[in-house]
file protein22.json (JSON, C-alpha atoms)
[["chain", "number", "residue", "atom", "x", "y", "z"],
["Z", 1, "MET", "CA", 6.81, 12.83, 6.11],
["Z", 2, "LYS", "CA", 10.16, 11.43, 7.23],
["Z", 3, "LEU", "CA", 12.88, 10.84, 4.66],
["Z", 4, "ILE", "CA", 15.69, 8.28, 4.91],
["Z", 5, "ASN", "CA", 19.07, 8.76, 3.26],
["Z", 6, "ILE", "CA", 19.80, 5.68, 1.11],
["Z", 7, "GLY", "CA", 23.21, 6.88, -0.04],
["Z", 8, "PHE", "CA", 24.71, 9.55, -2.29],
["Z", 9, "GLY", "CA", 22.18, 12.14, -1.14],
["Z", 10, "ASN", "CA", 19.17, 10.08, -2.27],
["Z", 11, "LEU", "CA", 16.18, 10.08, 0.05],
["Z", 12, "VAL", "CA", 13.16, 7.79, 0.35],
["Z", 13, "SER", "CA", 9.94, 8.34, 2.28],
["Z", 14, "ALA", "CA", 10.04, 6.13, 5.38],
["Z", 15, "GLY", "CA", 6.28, 5.70, 5.38],
["Z", 16, "ARG", "CA", 6.24, 4.18, 1.91],
["Z", 17, "LEU", "CA", 8.75, 1.39, 2.57],
["Z", 18, "VAL", "CA", 7.40, -2.14, 2.84],
["Z", 19, "ALA", "CA", 10.67, -4.11, 2.92],
["Z", 20, "ILE", "CA", 14.43, -3.66, 2.97],
["Z", 21, "VAL", "CA", 16.12, -6.84, 1.75],
["Z", 22, "SER", "CA", 19.44, -8.20, 0.55],
["Z", 23, "PRO", "CA", 19.74, -8.69, -3.23],
["Z", 24, "GLU", "CA", 21.38, -12.13, -3.00],
["Z", 25, "SER", "CA", 18.43, -14.53, -3.25],
["Z", 26, "ALA", "CA", 16.87, -15.70, -6.50],
["Z", 27, "PRO", "CA", 13.35, -14.42, -5.63],
["Z", 28, "ILE", "CA", 14.68, -10.91, -4.98],
["Z", 29, "LYS", "CA", 16.66, -11.03, -8.23],
["Z", 30, "ARG", "CA", 13.40, -11.90, -10.02],
["Z", 31, "ILE", "CA", 11.60, -9.00, -8.32],
["Z", 32, "VAL", "CA", 14.36, -6.62, -9.45],
["Z", 33, "GLN", "CA", 14.26, -7.97, -13.02],
["Z", 34, "ASP", "CA", 10.46, -7.72, -13.19],
["Z", 35, "ALA", "CA", 10.60, -4.14, -11.91],
["Z", 36, "ARG", "CA", 13.28, -3.28, -14.48],
["Z", 37, "GLU", "CA", 11.17, -4.68, -17.33],
["Z", 38, "SER", "CA", 8.01, -2.87, -16.20],
["Z", 39, "GLY", "CA", 9.70, 0.49, -15.51],
["Z", 40, "ARG", "CA", 9.26, 0.39, -11.72],
["Z", 41, "LEU", "CA", 12.98, 0.14, -10.88],
["Z", 42, "ILE", "CA", 14.90, 3.08, -9.39],
["Z", 43, "ASP", "CA", 18.66, 2.56, -9.36],
["Z", 44, "ALA", "CA", 20.26, 4.74, -6.68],
["Z", 45, "THR", "CA", 23.60, 2.88, -6.60],
["Z", 46, "TYR", "CA", 25.54, 5.32, -8.82],
["Z", 47, "GLY", "CA", 27.18, 2.35, -10.54],
["Z", 48, "ARG", "CA", 28.27, 0.65, -7.34],
["Z", 49, "ARG", "CA", 27.36, -2.83, -6.16],
["Z", 50, "THR", "CA", 23.75, -3.24, -5.00],
["Z", 51, "ARG", "CA", 23.68, -4.07, -1.31],
["Z", 52, "ALA", "CA", 20.04, -3.37, -0.44],
["Z", 53, "VAL", "CA", 16.76, -3.62, -2.31],
["Z", 54, "LEU", "CA", 13.97, -1.42, -1.01],
["Z", 55, "ILE", "CA", 10.38, -2.28, -1.90],
["Z", 56, "THR", "CA", 7.70, 0.38, -1.60],
["Z", 57, "ASP", "CA", 3.94, 0.20, -1.17],
["Z", 58, "SER", "CA", 3.54, 1.49, -4.75],
["Z", 59, "ASP", "CA", 5.42, -1.60, -6.04],
["Z", 60, "HIS", "CA", 8.50, 0.43, -6.96],
["Z", 61, "VAL", "CA", 11.83, -1.26, -6.34],
["Z", 62, "ILE", "CA", 14.81, 0.87, -5.29],
["Z", 63, "LEU", "CA", 18.42, -0.31, -5.42],
["Z", 64, "SER", "CA", 20.86, 1.10, -2.86],
["Z", 65, "ALA", "CA", 24.62, 0.73, -2.41],
["Z", 66, "ILE", "CA", 24.41, 0.69, 1.39],
["Z", 67, "GLN", "CA", 23.72, -2.31, 3.61],
["Z", 68, "PRO", "CA", 20.10, -3.17, 4.57],
["Z", 69, "GLU", "CA", 21.06, -2.89, 8.26],
["Z", 70, "THR", "CA", 22.32, 0.65, 7.71],
["Z", 71, "VAL", "CA", 19.06, 1.68, 6.03],
["Z", 72, "ALA", "CA", 17.09, 0.08, 8.88],
["Z", 73, "ASN", "CA", 19.22, 1.86, 11.49],
["Z", 74, "ARG", "CA", 18.66, 5.19, 9.75],
["Z", 75, "MET", "CA", 14.95, 4.46, 9.74],
["Z", 76, "THR", "CA", 14.87, 3.72, 13.48],
["Z", 77, "ASP", "CA", 17.08, 6.76, 14.20],
["Z", 78, "THR", "CA", 14.56, 8.89, 12.29],
["Z", 79, "ALA", "CA", 11.68, 7.43, 14.32],
["Z", 80, "GLN", "CA", 13.51, 8.12, 17.60],
["Z", 81, "ASP", "CA", 14.25, 11.71, 16.54],
["Z", 82, "GLU", "CA", 10.56, 12.15, 15.73],
["Z", 83, "GLU", "CA", 9.55, 10.91, 19.19],
["Z", 84, "LEU", "CA", 11.99, 13.31, 20.87],
["Z", 85, "GLU", "CA", 10.60, 16.23, 18.86],
["Z", 86, "GLU", "CA", 7.04, 15.32, 19.88],
["Z", 87, "GLU", "CA", 8.05, 15.19, 23.56],
["Z", 88, "GLU", "CA", 9.72, 18.59, 23.32],
["Z", 89, "HIS", "CA", 6.58, 20.17, 21.84],
["Z", 90, "GLU", "CA", 4.30, 18.88, 24.60]]

call {"tool": "encode", "arguments": {"input": "protein22.json", "output": "structure tokens"}}
result
Amino acid sequence: MKLINIGFGNLVSAGRLVAIVSPESAPIKRIVQDARESGRLIDATYGRRTRAVLITDSDHVILSAIQPETVANRMTDTAQDEELEEEEHE
């Protein structure tokens, strides 16, 4: 299981992420509000501005204070590290 840092020492399982999106559009705002009302929202912003909304396969919605591109880069960096480790063990 690979974990991705989403800011302030918070980690999310890379395999459970379905989408990493910007919080600006009205549909995403509705998704966040619905998750808040149903208890599926995890706020990992530590009071800062929400810059990325992460949606998991369990329908949980996670708010992060770092940019979606940064989260995606960390995810691809994790995948590349995993590939290097596999090559070293062969």

call {"tool": "closest_residue", "arguments": {"input": "protein22.json", "among": "Z:Ser13, Z:Asn73, Z:Gln33, Z:Ser64", "to": "Tyr46 in chain Z", "atoms": "only C-alpha atoms"}}
result
Z:Ser64

call {"tool": "residues_around", "arguments": {"input": "protein22.json", "residues": "range 15-28 of chain Z", "least_positions_apart": "5", "cutoff": "10 Å", "atoms": "only C-alpha atoms", "output": "list of chain:residue names"}}
result
Z:Met1, Z:Lys2, Z:Leu3, Z:Ile4, Z:Gln33, Z:Asp34, Z:Thr50, Z:Arg51, Z:Ala52, Z:Val53, Z:Leu54, Z:Ile55, Z:Thr56, Z:Asp57, Z:Ser58, Z:Asp59, Z:His60, Z:Val61, Z:Ile62, Z:Leu63, Z:Ser64, Z:Gln67, Z:Pro68, Z:Glu69, Z:Val71, Z:Ala72, Z:Met75

call {"tool": "closest_residue", "arguments": {"input": "protein22.json", "among": "Z:Glu37, Z:Asp77, Z:Arg30, Z:Ala44", "to": "Gly9 in chain Z", "atoms": "all atoms listed in the file"}}
result
Z:Ala44
